[in-house]
Amino acid sequence: MDAFTAGLLQRIRTTESDLSRARDEGDEFLVEVEQGELDDLRRLAAEHGVEVGASCA
């Protein structure tokens with residue numbers, strides 16, 4: 001796995017964790033921000049042929 005792929009998958013995992021935390025805390029604004037970031041990261045992964053596994057679902 002190259003550095004780009006590893007870094008992208010790590011960012012996805014971190015963003016998923018941040019999104020979950022925002023939901024748990026009831027922070028609707030932060031949920032929207034994190035969801036937008038996650039959508040962008042998943043789009044970037046798809047554009048570069050990076051498979052997002054079950055841990056990044």
# chains A, B, ... in the order shown; residues from 1 in each chain; ligands from 1

call {"tool": "residues_around", "arguments": {"residues": "Leu44 (chain A)", "least_positions_apart": "5", "cutoff": "12 Å", "atoms": "only C-alpha atoms", "output": "number ranges by chain"}}
result
A: 4-5, 7-9, 11-12, 37-39, 49-52

call {"tool": "write_last_selection", "arguments": {"atoms": "all heavy atoms", "output": "JSON list (two decimals), in the first residue's frame"}}
result
[["chain", "number", "residue", "atom", "x", "y", "z"],
["A", 4, "PHE", "N", -0.10, 7.44, -0.24],
["A", 4, "PHE", "CA", -1.35, 8.13, -0.55],
["A", 4, "PHE", "C", -2.55, 7.32, -0.07],
["A", 4, "PHE", "O", -3.43, 7.83, 0.61],
["A", 4, "PHE", "CB", -1.47, 8.39, -2.06],
["A", 4, "PHE", "CG", -2.80, 8.95, -2.46],
["A", 4, "PHE", "CD1", -3.08, 10.30, -2.29],
["A", 4, "PHE", "CD2", -3.78, 8.13, -3.02],
["A", 4, "PHE", "CE1", -4.32, 10.82, -2.65],
["A", 4, "PHE", "CE2", -5.01, 8.64, -3.38],
["A", 4, "PHE", "CZ", -5.29, 9.99, -3.20],
["A", 5, "THR", "N", -2.56, 6.03, -0.42],
["A", 5, "THR", "CA", -3.67, 5.16, -0.04],
["A", 5, "THR", "C", -3.77, 5.02, 1.47],
["A", 5, "THR", "O", -4.85, 5.15, 2.04],
["A", 5, "THR", "CB", -3.49, 3.77, -0.70],
["A", 5, "THR", "OG1", -3.47, 3.93, -2.12],
["A", 5, "THR", "CG2", -4.61, 2.83, -0.31],
["A", 7, "GLY", "N", -2.67, 7.05, 3.78],
["A", 7, "GLY", "CA", -3.08, 8.33, 4.35],
["A", 7, "GLY", "C", -4.56, 8.60, 4.14],
["A", 7, "GLY", "O", -5.25, 9.09, 5.04],
["A", 8, "LEU", "N", -5.05, 8.29, 2.96],
["A", 8, "LEU", "CA", -6.46, 8.51, 2.65],
["A", 8, "LEU", "C", -7.34, 7.62, 3.52],
["A", 8, "LEU", "O", -8.33, 8.09, 4.10],
["A", 8, "LEU", "CB", -6.72, 8.24, 1.17],
["A", 8, "LEU", "CG", -8.14, 8.47, 0.66],
["A", 8, "LEU", "CD1", -8.61, 9.90, 0.95],
["A", 8, "LEU", "CD2", -8.21, 8.18, -0.83],
["A", 9, "LEU", "N", -6.98, 6.35, 3.65],
["A", 9, "LEU", "CA", -7.77, 5.45, 4.49],
["A", 9, "LEU", "C", -7.75, 5.87, 5.95],
["A", 9, "LEU", "O", -8.76, 5.78, 6.66],
["A", 9, "LEU", "CB", -7.28, 4.01, 4.32],
["A", 9, "LEU", "CG", -7.53, 3.40, 2.94],
["A", 9, "LEU", "CD1", -6.87, 2.02, 2.83],
["A", 9, "LEU", "CD2", -9.02, 3.32, 2.63],
["A", 11, "ARG", "N", -7.42, 8.98, 7.02],
["A", 11, "ARG", "CA", -8.28, 10.17, 7.11],
["A", 11, "ARG", "C", -9.75, 9.77, 7.14],
["A", 11, "ARG", "O", -10.55, 10.37, 7.85],
["A", 11, "ARG", "CB", -8.00, 11.13, 5.96],
["A", 11, "ARG", "CG", -6.68, 11.86, 6.11],
["A", 11, "ARG", "CD", -6.43, 12.82, 4.97],
["A", 11, "ARG", "NE", -7.47, 13.84, 4.90],
["A", 11, "ARG", "CZ", -7.68, 14.60, 3.83],
["A", 11, "ARG", "NH1", -6.96, 14.45, 2.75],
["A", 11, "ARG", "NH2", -8.63, 15.51, 3.85],
["A", 12, "ILE", "N", -10.10, 8.75, 6.35],
["A", 12, "ILE", "CA", -11.49, 8.27, 6.35],
["A", 12, "ILE", "C", -11.86, 7.71, 7.71],
["A", 12, "ILE", "O", -12.91, 8.04, 8.27],
["A", 12, "ILE", "CB", -11.72, 7.24, 5.22],
["A", 12, "ILE", "CG1", -11.68, 7.93, 3.87],
["A", 12, "ILE", "CG2", -13.04, 6.49, 5.42],
["A", 12, "ILE", "CD1", -11.68, 6.99, 2.67],
["A", 37, "GLU", "N", -17.05, 16.13, 4.80],
["A", 37, "GLU", "CA", -15.65, 15.71, 4.68],
["A", 37, "GLU", "C", -15.56, 14.24, 4.30],
["A", 37, "GLU", "O", -14.78, 13.86, 3.42],
["A", 37, "GLU", "CB", -14.91, 15.96, 6.00],
["A", 37, "GLU", "CG", -13.47, 15.51, 6.01],
["A", 37, "GLU", "CD", -12.53, 16.37, 5.18],
["A", 37, "GLU", "OE1", -12.95, 17.45, 4.70],
["A", 37, "GLU", "OE2", -11.37, 15.96, 5.01],
["A", 38, "LEU", "N", -16.37, 13.41, 4.93],
["A", 38, "LEU", "CA", -16.37, 11.98, 4.63],
["A", 38, "LEU", "C", -16.80, 11.72, 3.19],
["A", 38, "LEU", "O", -16.19, 10.91, 2.48],
["A", 38, "LEU", "CB", -17.27, 11.23, 5.61],
["A", 38, "LEU", "CG", -17.27, 9.71, 5.53],
["A", 38, "LEU", "CD1", -15.87, 9.14, 5.68],
["A", 38, "LEU", "CD2", -18.21, 9.14, 6.57],
["A", 39, "ASP", "N", -17.82, 12.41, 2.74],
["A", 39, "ASP", "CA", -18.28, 12.27, 1.35],
["A", 39, "ASP", "C", -17.15, 12.65, 0.38],
["A", 39, "ASP", "O", -16.92, 11.95, -0.62],
["A", 39, "ASP", "CB", -19.51, 13.14, 1.09],
["A", 39, "ASP", "CG", -20.74, 12.67, 1.83],
["A", 39, "ASP", "OD1", -20.77, 11.51, 2.32],
["A", 39, "ASP", "OD2", -21.70, 13.47, 1.93],
["A", 49, "GLY", "N", -9.31, 4.90, -7.39],
["A", 49, "GLY", "CA", -9.34, 3.45, -7.35],
["A", 49, "GLY", "C", -8.98, 2.84, -6.01],
["A", 49, "GLY", "O", -8.55, 1.70, -5.95],
["A", 50, "VAL", "N", -9.15, 3.61, -4.94],
["A", 50, "VAL", "CA", -8.85, 3.11, -3.61],
["A", 50, "VAL", "C", -10.11, 2.46, -3.05],
["A", 50, "VAL", "O", -11.14, 3.12, -2.94],
["A", 50, "VAL", "CB", -8.37, 4.25, -2.66],
["A", 50, "VAL", "CG1", -8.17, 3.73, -1.25],
["A", 50, "VAL", "CG2", -7.11, 4.88, -3.21],
["A", 51, "GLU", "N", -10.00, 1.18, -2.73],
["A", 51, "GLU", "CA", -11.15, 0.48, -2.17],
["A", 51, "GLU", "C", -11.27, 0.82, -0.68],
["A", 51, "GLU", "O", -10.31, 0.71, 0.07],
["A", 51, "GLU", "CB", -10.99, -1.03, -2.34],
["A", 51, "GLU", "CG", -11.12, -1.47, -3.77],
["A", 51, "GLU", "CD", -11.15, -2.98, -3.91],
["A", 51, "GLU", "OE1", -11.65, -3.65, -3.01],
["A", 51, "GLU", "OE2", -10.63, -3.44, -4.93],
["A", 52, "VAL", "N", -12.47, 1.24, -0.30],
["A", 52, "VAL", "CA", -12.74, 1.56, 1.09],
["A", 52, "VAL", "C", -13.37, 0.32, 1.71],
["A", 52, "VAL", "O", -14.48, -0.05, 1.38],
["A", 52, "VAL", "CB", -13.68, 2.79, 1.20],
["A", 52, "VAL", "CG1", -13.99, 3.09, 2.65],
["A", 52, "VAL", "CG2", -13.07, 3.99, 0.50]]

call {"tool": "select_by_dssp", "arguments": {"residues": "chain A", "states": "helix (DSSP H, G or I)", "output": "tab-separated table (two decimals) with all heavy atoms, in the first residue's frame"}}
result
chain	number	residue	atom	x	y	z
A	3	ALA	N	1.79	5.42	0.23
A	3	ALA	CA	1.54	6.43	1.26
A	3	ALA	C	0.22	7.18	1.02
A	3	ALA	O	-0.49	7.50	1.97
A	3	ALA	CB	2.70	7.41	1.32
A	4	PHE	N	-0.10	7.44	-0.24
A	4	PHE	CA	-1.35	8.13	-0.55
A	4	PHE	C	-2.55	7.32	-0.07
A	4	PHE	O	-3.43	7.83	0.61
A	4	PHE	CB	-1.47	8.39	-2.06
A	4	PHE	CG	-2.80	8.95	-2.46
A	4	PHE	CD1	-3.08	10.30	-2.29
A	4	PHE	CD2	-3.78	8.13	-3.02
A	4	PHE	CE1	-4.32	10.82	-2.65
A	4	PHE	CE2	-5.01	8.64	-3.38
A	4	PHE	CZ	-5.29	9.99	-3.20
A	5	THR	N	-2.56	6.03	-0.42
A	5	THR	CA	-3.67	5.16	-0.04
A	5	THR	C	-3.77	5.02	1.47
A	5	THR	O	-4.85	5.15	2.04
A	5	THR	CB	-3.49	3.77	-0.70
A	5	THR	OG1	-3.47	3.93	-2.12
A	5	THR	CG2	-4.61	2.83	-0.31
A	6	ALA	N	-2.65	4.79	2.12
A	6	ALA	CA	-2.64	4.65	3.58
A	6	ALA	C	-3.14	5.93	4.25
A	6	ALA	O	-3.94	5.88	5.18
A	6	ALA	CB	-1.24	4.30	4.07
A	7	GLY	N	-2.67	7.05	3.78
A	7	GLY	CA	-3.08	8.33	4.35
A	7	GLY	C	-4.56	8.60	4.14
A	7	GLY	O	-5.25	9.09	5.04
A	8	LEU	N	-5.05	8.29	2.96
A	8	LEU	CA	-6.46	8.51	2.65
A	8	LEU	C	-7.34	7.62	3.52
A	8	LEU	O	-8.33	8.09	4.10
A	8	LEU	CB	-6.72	8.24	1.17
A	8	LEU	CG	-8.14	8.47	0.66
A	8	LEU	CD1	-8.61	9.90	0.95
A	8	LEU	CD2	-8.21	8.18	-0.83
A	9	LEU	N	-6.98	6.35	3.65
A	9	LEU	CA	-7.77	5.45	4.49
A	9	LEU	C	-7.75	5.87	5.95
A	9	LEU	O	-8.76	5.78	6.66
A	9	LEU	CB	-7.28	4.01	4.32
A	9	LEU	CG	-7.53	3.40	2.94
A	9	LEU	CD1	-6.87	2.02	2.83
A	9	LEU	CD2	-9.02	3.32	2.63
A	10	GLN	N	-6.60	6.38	6.41
A	10	GLN	CA	-6.52	6.86	7.79
A	10	GLN	C	-7.41	8.08	7.98
A	10	GLN	O	-8.10	8.20	9.00
A	10	GLN	CB	-5.07	7.20	8.16
A	10	GLN	CG	-4.93	7.72	9.58
A	10	GLN	CD	-5.42	6.73	10.62
A	10	GLN	OE1	-5.10	5.55	10.57
A	10	GLN	NE2	-6.21	7.19	11.58
A	11	ARG	N	-7.42	8.98	7.02
A	11	ARG	CA	-8.28	10.17	7.11
A	11	ARG	C	-9.75	9.77	7.14
A	11	ARG	O	-10.55	10.37	7.85
A	11	ARG	CB	-8.00	11.13	5.96
A	11	ARG	CG	-6.68	11.86	6.11
A	11	ARG	CD	-6.43	12.82	4.97
A	11	ARG	NE	-7.47	13.84	4.90
A	11	ARG	CZ	-7.68	14.60	3.83
A	11	ARG	NH1	-6.96	14.45	2.75
A	11	ARG	NH2	-8.63	15.51	3.85
A	12	ILE	N	-10.10	8.75	6.35
A	12	ILE	CA	-11.49	8.27	6.35
A	12	ILE	C	-11.86	7.71	7.71
A	12	ILE	O	-12.91	8.04	8.27
A	12	ILE	CB	-11.72	7.24	5.22
A	12	ILE	CG1	-11.68	7.93	3.87
A	12	ILE	CG2	-13.04	6.49	5.42
A	12	ILE	CD1	-11.68	6.99	2.67
A	13	ARG	N	-10.99	6.87	8.28
A	13	ARG	CA	-11.27	6.30	9.62
A	13	ARG	C	-11.40	7.40	10.67
A	13	ARG	O	-12.30	7.36	11.51
A	13	ARG	CB	-10.17	5.31	10.00
A	13	ARG	CG	-10.28	3.99	9.29
A	13	ARG	CD	-9.32	2.97	9.86
A	13	ARG	NE	-7.92	3.34	9.64
A	13	ARG	CZ	-7.22	3.01	8.56
A	13	ARG	NH1	-7.78	2.30	7.59
A	13	ARG	NH2	-5.96	3.38	8.44
A	14	THR	N	-10.51	8.39	10.62
A	14	THR	CA	-10.55	9.48	11.60
A	14	THR	C	-11.83	10.29	11.45
A	14	THR	O	-12.48	10.63	12.43
A	14	THR	CB	-9.32	10.40	11.41
A	14	THR	OG1	-8.14	9.62	11.65
A	14	THR	CG2	-9.37	11.58	12.37
A	15	THR	N	-12.22	10.57	10.22
A	15	THR	CA	-13.43	11.34	9.96
A	15	THR	C	-14.66	10.57	10.39
A	15	THR	O	-15.60	11.14	10.97
A	15	THR	CB	-13.51	11.74	8.48
A	15	THR	OG1	-12.33	12.49	8.14
A	15	THR	CG2	-14.74	12.60	8.21
A	16	GLU	N	-14.67	9.25	10.16
A	16	GLU	CA	-15.80	8.43	10.62
A	16	GLU	C	-15.91	8.49	12.15
A	16	GLU	O	-17.02	8.61	12.69
A	16	GLU	CB	-15.62	6.98	10.17
A	16	GLU	CG	-15.85	6.79	8.70
A	16	GLU	CD	-15.53	5.39	8.23
A	16	GLU	OE1	-14.69	4.70	8.84
A	16	GLU	OE2	-16.14	4.99	7.23
A	17	SER	N	-14.78	8.44	12.83
A	17	SER	CA	-14.78	8.52	14.29
A	17	SER	C	-15.29	9.88	14.75
A	17	SER	O	-16.10	9.98	15.68
A	17	SER	CB	-13.36	8.27	14.81
A	17	SER	OG	-13.31	8.41	16.19
A	18	ASP	N	-14.81	10.93	14.11
A	18	ASP	CA	-15.25	12.29	14.46
A	18	ASP	C	-16.74	12.46	14.20
A	18	ASP	O	-17.44	13.12	14.98
A	18	ASP	CB	-14.46	13.33	13.67
A	18	ASP	CG	-12.99	13.39	14.06
A	18	ASP	OD1	-12.61	12.82	15.12
A	18	ASP	OD2	-12.20	13.98	13.30
A	19	LEU	N	-17.23	11.88	13.10
A	19	LEU	CA	-18.65	11.95	12.77
A	19	LEU	C	-19.48	11.24	13.84
A	19	LEU	O	-20.50	11.76	14.30
A	19	LEU	CB	-18.91	11.34	11.40
A	19	LEU	CG	-20.36	11.23	10.94
A	19	LEU	CD1	-21.03	12.60	10.91
A	19	LEU	CD2	-20.42	10.56	9.56
A	20	SER	N	-19.04	10.08	14.25
A	20	SER	CA	-19.74	9.32	15.28
A	20	SER	C	-19.79	10.11	16.59
A	20	SER	O	-20.83	10.18	17.25
A	20	SER	CB	-19.05	7.98	15.49
A	20	SER	OG	-19.70	7.25	16.50
A	21	ARG	N	-18.67	10.71	16.95
A	21	ARG	CA	-18.61	11.51	18.18
A	21	ARG	C	-19.57	12.70	18.10
A	21	ARG	O	-20.28	13.01	19.06
A	21	ARG	CB	-17.19	11.98	18.43
A	21	ARG	CG	-17.01	12.64	19.78
A	21	ARG	CD	-15.56	13.01	20.11
A	21	ARG	NE	-14.59	12.05	19.63
A	21	ARG	CZ	-13.71	12.30	18.65
A	21	ARG	NH1	-13.69	13.47	18.05
A	21	ARG	NH2	-12.85	11.38	18.27
A	22	ALA	N	-19.60	13.37	16.96
A	22	ALA	CA	-20.48	14.52	16.78
A	22	ALA	C	-21.94	14.10	16.91
A	22	ALA	O	-22.75	14.80	17.52
A	22	ALA	CB	-20.23	15.18	15.43
A	23	ARG	N	-22.28	12.94	16.34
A	23	ARG	CA	-23.65	12.43	16.46
A	23	ARG	C	-23.98	12.13	17.91
A	23	ARG	O	-25.07	12.47	18.39
A	23	ARG	CB	-23.82	11.18	15.61
A	23	ARG	CG	-23.93	11.45	14.14
A	23	ARG	CD	-24.14	10.18	13.35
A	23	ARG	NE	-24.31	10.46	11.93
A	23	ARG	CZ	-23.88	9.67	10.97
A	23	ARG	NH1	-23.28	8.53	11.26
A	23	ARG	NH2	-24.09	10.01	9.71
A	24	ASP	N	-23.05	11.48	18.61
A	24	ASP	CA	-23.27	11.14	20.02
A	24	ASP	C	-23.48	12.39	20.88
A	24	ASP	O	-24.25	12.37	21.84
A	24	ASP	CB	-22.11	10.33	20.58
A	24	ASP	CG	-22.03	8.92	20.01
A	24	ASP	OD1	-23.02	8.47	19.38
A	24	ASP	OD2	-20.96	8.29	20.17
A	25	GLU	N	-22.78	13.45	20.53
A	25	GLU	CA	-22.86	14.70	21.29
A	25	GLU	C	-24.03	15.58	20.86
A	25	GLU	O	-24.31	16.59	21.49
A	25	GLU	CB	-21.55	15.48	21.16
A	25	GLU	CG	-20.38	14.77	21.82
A	25	GLU	CD	-19.05	15.44	21.56
A	25	GLU	OE1	-19.01	16.48	20.85
A	25	GLU	OE2	-18.03	14.92	22.05
A	28	GLU	N	-25.27	19.05	15.63
A	28	GLU	CA	-25.78	18.94	14.27
A	28	GLU	C	-24.88	19.64	13.25
A	28	GLU	O	-24.71	19.14	12.13
A	28	GLU	CB	-27.20	19.49	14.19
A	28	GLU	CG	-28.19	18.64	14.96
A	28	GLU	CD	-29.61	19.19	14.89
A	28	GLU	OE1	-29.94	19.87	13.91
A	28	GLU	OE2	-30.37	18.90	15.83
A	29	PHE	N	-24.33	20.78	13.62
A	29	PHE	CA	-23.43	21.48	12.69
A	29	PHE	C	-22.20	20.64	12.40
A	29	PHE	O	-21.82	20.45	11.24
A	29	PHE	CB	-23.02	22.85	13.25
A	29	PHE	CG	-22.01	23.55	12.37
A	29	PHE	CD1	-22.41	24.14	11.18
A	29	PHE	CD2	-20.67	23.60	12.73
A	29	PHE	CE1	-21.48	24.77	10.36
A	29	PHE	CE2	-19.74	24.22	11.92
A	29	PHE	CZ	-20.15	24.81	10.73
A	30	LEU	N	-21.58	20.11	13.44
A	30	LEU	CA	-20.38	19.30	13.26
A	30	LEU	C	-20.69	18.01	12.49
A	30	LEU	O	-19.87	17.55	11.69
A	30	LEU	CB	-19.73	18.99	14.60
A	30	LEU	CG	-18.35	18.34	14.54
A	30	LEU	CD1	-17.38	19.17	13.69
A	30	LEU	CD2	-17.79	18.14	15.95
A	31	VAL	N	-21.87	17.45	12.70
A	31	VAL	CA	-22.28	16.27	11.94
A	31	VAL	C	-22.27	16.60	10.45
A	31	VAL	O	-21.74	15.83	9.63
A	31	VAL	CB	-23.67	15.75	12.38
A	31	VAL	CG1	-24.23	14.76	11.38
A	31	VAL	CG2	-23.60	15.13	13.77
A	32	GLU	N	-22.83	17.74	10.08
A	32	GLU	CA	-22.86	18.13	8.67
A	32	GLU	C	-21.46	18.36	8.11
A	32	GLU	O	-21.16	17.95	6.99
A	32	GLU	CB	-23.72	19.37	8.48
A	32	GLU	CG	-25.20	19.06	8.66
A	32	GLU	CD	-26.08	20.19	8.16
A	32	GLU	OE1	-25.70	20.85	7.17
A	32	GLU	OE2	-27.15	20.37	8.74
A	33	VAL	N	-20.61	19.00	8.90
A	33	VAL	CA	-19.23	19.24	8.46
A	33	VAL	C	-18.50	17.92	8.25
A	33	VAL	O	-17.87	17.71	7.21
A	33	VAL	CB	-18.48	20.12	9.50
A	33	VAL	CG1	-16.98	20.16	9.19
A	33	VAL	CG2	-19.07	21.51	9.54
A	34	GLU	N	-18.57	17.03	9.24
A	34	GLU	CA	-17.86	15.76	9.14
A	34	GLU	C	-18.43	14.88	8.03
A	34	GLU	O	-17.69	14.20	7.33
A	34	GLU	CB	-17.90	15.01	10.47
A	34	GLU	CG	-17.17	15.71	11.60
A	34	GLU	CD	-15.68	15.89	11.38
A	34	GLU	OE1	-15.09	15.24	10.49
A	34	GLU	OE2	-15.08	16.70	12.11
A	35	GLN	N	-19.75	14.90	7.83
A	35	GLN	CA	-20.36	14.11	6.76
A	35	GLN	C	-19.89	14.62	5.41
A	35	GLN	O	-19.59	13.83	4.50
A	35	GLN	CB	-21.88	14.14	6.85
A	35	GLN	CG	-22.56	13.23	5.84
A	35	GLN	CD	-22.21	11.77	6.04
A	35	GLN	OE1	-22.52	11.22	7.08
A	35	GLN	NE2	-21.60	11.14	5.05
A	36	GLY	N	-19.81	15.93	5.26
A	36	GLY	CA	-19.30	16.50	4.01
A	36	GLY	C	-17.86	16.10	3.75
A	36	GLY	O	-17.49	15.76	2.63
A	37	GLU	N	-17.05	16.13	4.80
A	37	GLU	CA	-15.65	15.71	4.68
A	37	GLU	C	-15.56	14.24	4.30
A	37	GLU	O	-14.78	13.86	3.42
A	37	GLU	CB	-14.91	15.96	6.00
A	37	GLU	CG	-13.47	15.51	6.01
A	37	GLU	CD	-12.53	16.37	5.18
A	37	GLU	OE1	-12.95	17.45	4.70
A	37	GLU	OE2	-11.37	15.96	5.01
A	38	LEU	N	-16.37	13.41	4.93
A	38	LEU	CA	-16.37	11.98	4.63
A	38	LEU	C	-16.80	11.72	3.19
A	38	LEU	O	-16.19	10.91	2.48
A	38	LEU	CB	-17.27	11.23	5.61
A	38	LEU	CG	-17.27	9.71	5.53
A	38	LEU	CD1	-15.87	9.14	5.68
A	38	LEU	CD2	-18.21	9.14	6.57
A	39	ASP	N	-17.82	12.41	2.74
A	39	ASP	CA	-18.28	12.27	1.35
A	39	ASP	C	-17.15	12.65	0.38
A	39	ASP	O	-16.92	11.95	-0.62
A	39	ASP	CB	-19.51	13.14	1.09
A	39	ASP	CG	-20.74	12.67	1.83
A	39	ASP	OD1	-20.77	11.51	2.32
A	39	ASP	OD2	-21.70	13.47	1.93
A	40	ASP	N	-16.45	13.74	0.67
A	40	ASP	CA	-15.34	14.17	-0.19
A	40	ASP	C	-14.22	13.14	-0.20
A	40	ASP	O	-13.65	12.84	-1.26
A	40	ASP	CB	-14.79	15.52	0.27
A	40	ASP	CG	-15.71	16.68	-0.02
A	40	ASP	OD1	-16.65	16.52	-0.83
A	40	ASP	OD2	-15.49	17.76	0.57
A	41	LEU	N	-13.89	12.59	0.96
A	41	LEU	CA	-12.82	11.60	1.04
A	41	LEU	C	-13.19	10.32	0.29
A	41	LEU	O	-12.36	9.73	-0.41
A	41	LEU	CB	-12.49	11.28	2.50
A	41	LEU	CG	-11.80	12.39	3.28
A	41	LEU	CD1	-11.78	12.07	4.77
A	41	LEU	CD2	-10.39	12.64	2.75
A	42	ARG	N	-14.43	9.91	0.42
A	42	ARG	CA	-14.88	8.71	-0.31
A	42	ARG	C	-14.89	8.94	-1.81
A	42	ARG	O	-14.54	8.06	-2.59
A	42	ARG	CB	-16.26	8.28	0.18
A	42	ARG	CG	-16.19	7.66	1.56
A	42	ARG	CD	-17.53	7.24	2.05
A	42	ARG	NE	-17.42	6.52	3.31
A	42	ARG	CZ	-18.44	6.26	4.09
A	42	ARG	NH1	-19.66	6.64	3.75
A	42	ARG	NH2	-18.27	5.61	5.23
A	43	ARG	N	-15.27	10.15	-2.23
A	43	ARG	CA	-15.23	10.50	-3.66
A	43	ARG	C	-13.79	10.46	-4.16
A	43	ARG	O	-13.49	9.89	-5.21
A	43	ARG	CB	-15.83	11.88	-3.90
A	43	ARG	CG	-15.79	12.34	-5.35
A	43	ARG	CD	-16.16	13.81	-5.51
A	43	ARG	NE	-15.49	14.70	-4.56
A	43	ARG	CZ	-14.22	15.10	-4.66
A	43	ARG	NH1	-13.46	14.68	-5.65
A	43	ARG	NH2	-13.72	15.91	-3.76
A	44	LEU	N	-12.87	11.03	-3.40
A	44	LEU	CA	-11.46	11.03	-3.75
A	44	LEU	C	-10.93	9.59	-3.86
A	44	LEU	O	-10.21	9.26	-4.81
A	44	LEU	CB	-10.66	11.81	-2.72
A	44	LEU	CG	-9.19	12.01	-2.97
A	44	LEU	CD1	-8.96	12.81	-4.24
A	44	LEU	CD2	-8.53	12.70	-1.78
A	45	ALA	N	-11.31	8.76	-2.92
A	45	ALA	CA	-10.90	7.35	-2.96
A	45	ALA	C	-11.41	6.69	-4.24
A	45	ALA	O	-10.65	5.99	-4.93
A	45	ALA	CB	-11.41	6.62	-1.73
A	46	ALA	N	-12.67	6.90	-4.57
A	46	ALA	CA	-13.25	6.29	-5.77
A	46	ALA	C	-12.54	6.78	-7.03
A	46	ALA	O	-12.27	6.00	-7.94
A	46	ALA	CB	-14.75	6.59	-5.85
A	47	GLU	N	-12.24	8.06	-7.08
A	47	GLU	CA	-11.56	8.63	-8.25
A	47	GLU	C	-10.18	8.03	-8.46
A	47	GLU	O	-9.68	8.00	-9.58
A	47	GLU	CB	-11.44	10.15	-8.12
A	47	GLU	CG	-12.75	10.88	-8.29
A	47	GLU	CD	-12.63	12.37	-8.03
A	47	GLU	OE1	-11.52	12.85	-7.67
A	47	GLU	OE2	-13.65	13.06	-8.17
A	54	ALA	N	-14.45	-2.56	4.86
A	54	ALA	CA	-15.50	-2.59	5.87
A	54	ALA	C	-15.18	-1.68	7.06
A	54	ALA	O	-16.07	-1.07	7.63
A	54	ALA	CB	-15.69	-4.03	6.37
A	55	SER	N	-13.92	-1.55	7.42
A	55	SER	CA	-13.57	-0.69	8.55
A	55	SER	C	-13.74	0.78	8.22
A	55	SER	O	-13.75	1.62	9.10
A	55	SER	CB	-12.14	-0.95	9.00
A	55	SER	OG	-11.23	-0.56	7.98
A	56	CYS	N	-13.90	1.08	6.94
A	56	CYS	CA	-14.08	2.46	6.50
A	56	CYS	C	-15.45	2.66	5.88
A	56	CYS	O	-15.64	3.52	5.03
A	56	CYS	CB	-13.00	2.84	5.49
A	56	CYS	SG	-11.34	2.78	6.13

call {"tool": "decode", "arguments": {"residues": "region 13-17 of chain A", "atoms": "all heavy atoms", "output": "PDB file, in the first residue's frame"}}
result
ATOM      1  N   ARG A  13     -10.990   6.872   8.285  1.00  0.00           N
ATOM      2  CA  ARG A  13     -11.266   6.305   9.616  1.00  0.00           C
ATOM      3  C   ARG A  13     -11.397   7.402  10.671  1.00  0.00           C
ATOM      4  O   ARG A  13     -12.301   7.359  11.511  1.00  0.00           O
ATOM      5  CB  ARG A  13     -10.168   5.314  10.005  1.00  0.00           C
ATOM      6  CG  ARG A  13     -10.277   3.991   9.287  1.00  0.00           C
ATOM      7  CD  ARG A  13      -9.321   2.967   9.862  1.00  0.00           C
ATOM      8  NE  ARG A  13      -7.923   3.335   9.642  1.00  0.00           N
ATOM      9  CZ  ARG A  13      -7.224   3.012   8.556  1.00  0.00           C
ATOM     10  NH1 ARG A  13      -7.778   2.300   7.593  1.00  0.00           N
ATOM     11  NH2 ARG A  13      -5.965   3.381   8.442  1.00  0.00           N
ATOM     12  N   THR A  14     -10.508   8.386  10.624  1.00  0.00           N
ATOM     13  CA  THR A  14     -10.547   9.480  11.596  1.00  0.00           C
ATOM     14  C   THR A  14     -11.832  10.285  11.446  1.00  0.00           C
ATOM     15  O   THR A  14     -12.485  10.631  12.434  1.00  0.00           O
ATOM     16  CB  THR A  14      -9.320  10.396  11.413  1.00  0.00           C
ATOM     17  OG1 THR A  14      -8.143   9.624  11.647  1.00  0.00           O
ATOM     18  CG2 THR A  14      -9.369  11.579  12.370  1.00  0.00           C
ATOM     19  N   THR A  15     -12.215  10.566  10.215  1.00  0.00           N
ATOM     20  CA  THR A  15     -13.428  11.337   9.960  1.00  0.00           C
ATOM     21  C   THR A  15     -14.665  10.566  10.394  1.00  0.00           C
ATOM     22  O   THR A  15     -15.596  11.144  10.970  1.00  0.00           O
ATOM     23  CB  THR A  15     -13.515  11.743   8.482  1.00  0.00           C
ATOM     24  OG1 THR A  15     -12.331  12.486   8.141  1.00  0.00           O
ATOM     25  CG2 THR A  15     -14.742  12.599   8.208  1.00  0.00           C
ATOM     26  N   GLU A  16     -14.671   9.253  10.159  1.00  0.00           N
ATOM     27  CA  GLU A  16     -15.796   8.432  10.625  1.00  0.00           C
ATOM     28  C   GLU A  16     -15.909   8.491  12.147  1.00  0.00           C
ATOM     29  O   GLU A  16     -17.016   8.605  12.686  1.00  0.00           O
ATOM     30  CB  GLU A  16     -15.622   6.983  10.173  1.00  0.00           C
ATOM     31  CG  GLU A  16     -15.851   6.789   8.700  1.00  0.00           C
ATOM     32  CD  GLU A  16     -15.532   5.394   8.229  1.00  0.00           C
ATOM     33  OE1 GLU A  16     -14.692   4.703   8.840  1.00  0.00           O
ATOM     34  OE2 GLU A  16     -16.144   4.985   7.228  1.00  0.00           O
ATOM     35  N   SER A  17     -14.783   8.437  12.825  1.00  0.00           N
ATOM     36  CA  SER A  17     -14.781   8.520  14.286  1.00  0.00           C
ATOM     37  C   SER A  17     -15.285   9.885  14.750  1.00  0.00           C
ATOM     38  O   SER A  17     -16.099   9.979  15.683  1.00  0.00           O
ATOM     39  CB  SER A  17     -13.361   8.270  14.807  1.00  0.00           C
ATOM     40  OG  SER A  17     -13.305   8.413  16.192  1.00  0.00           O
TER      41      SER A  17
END
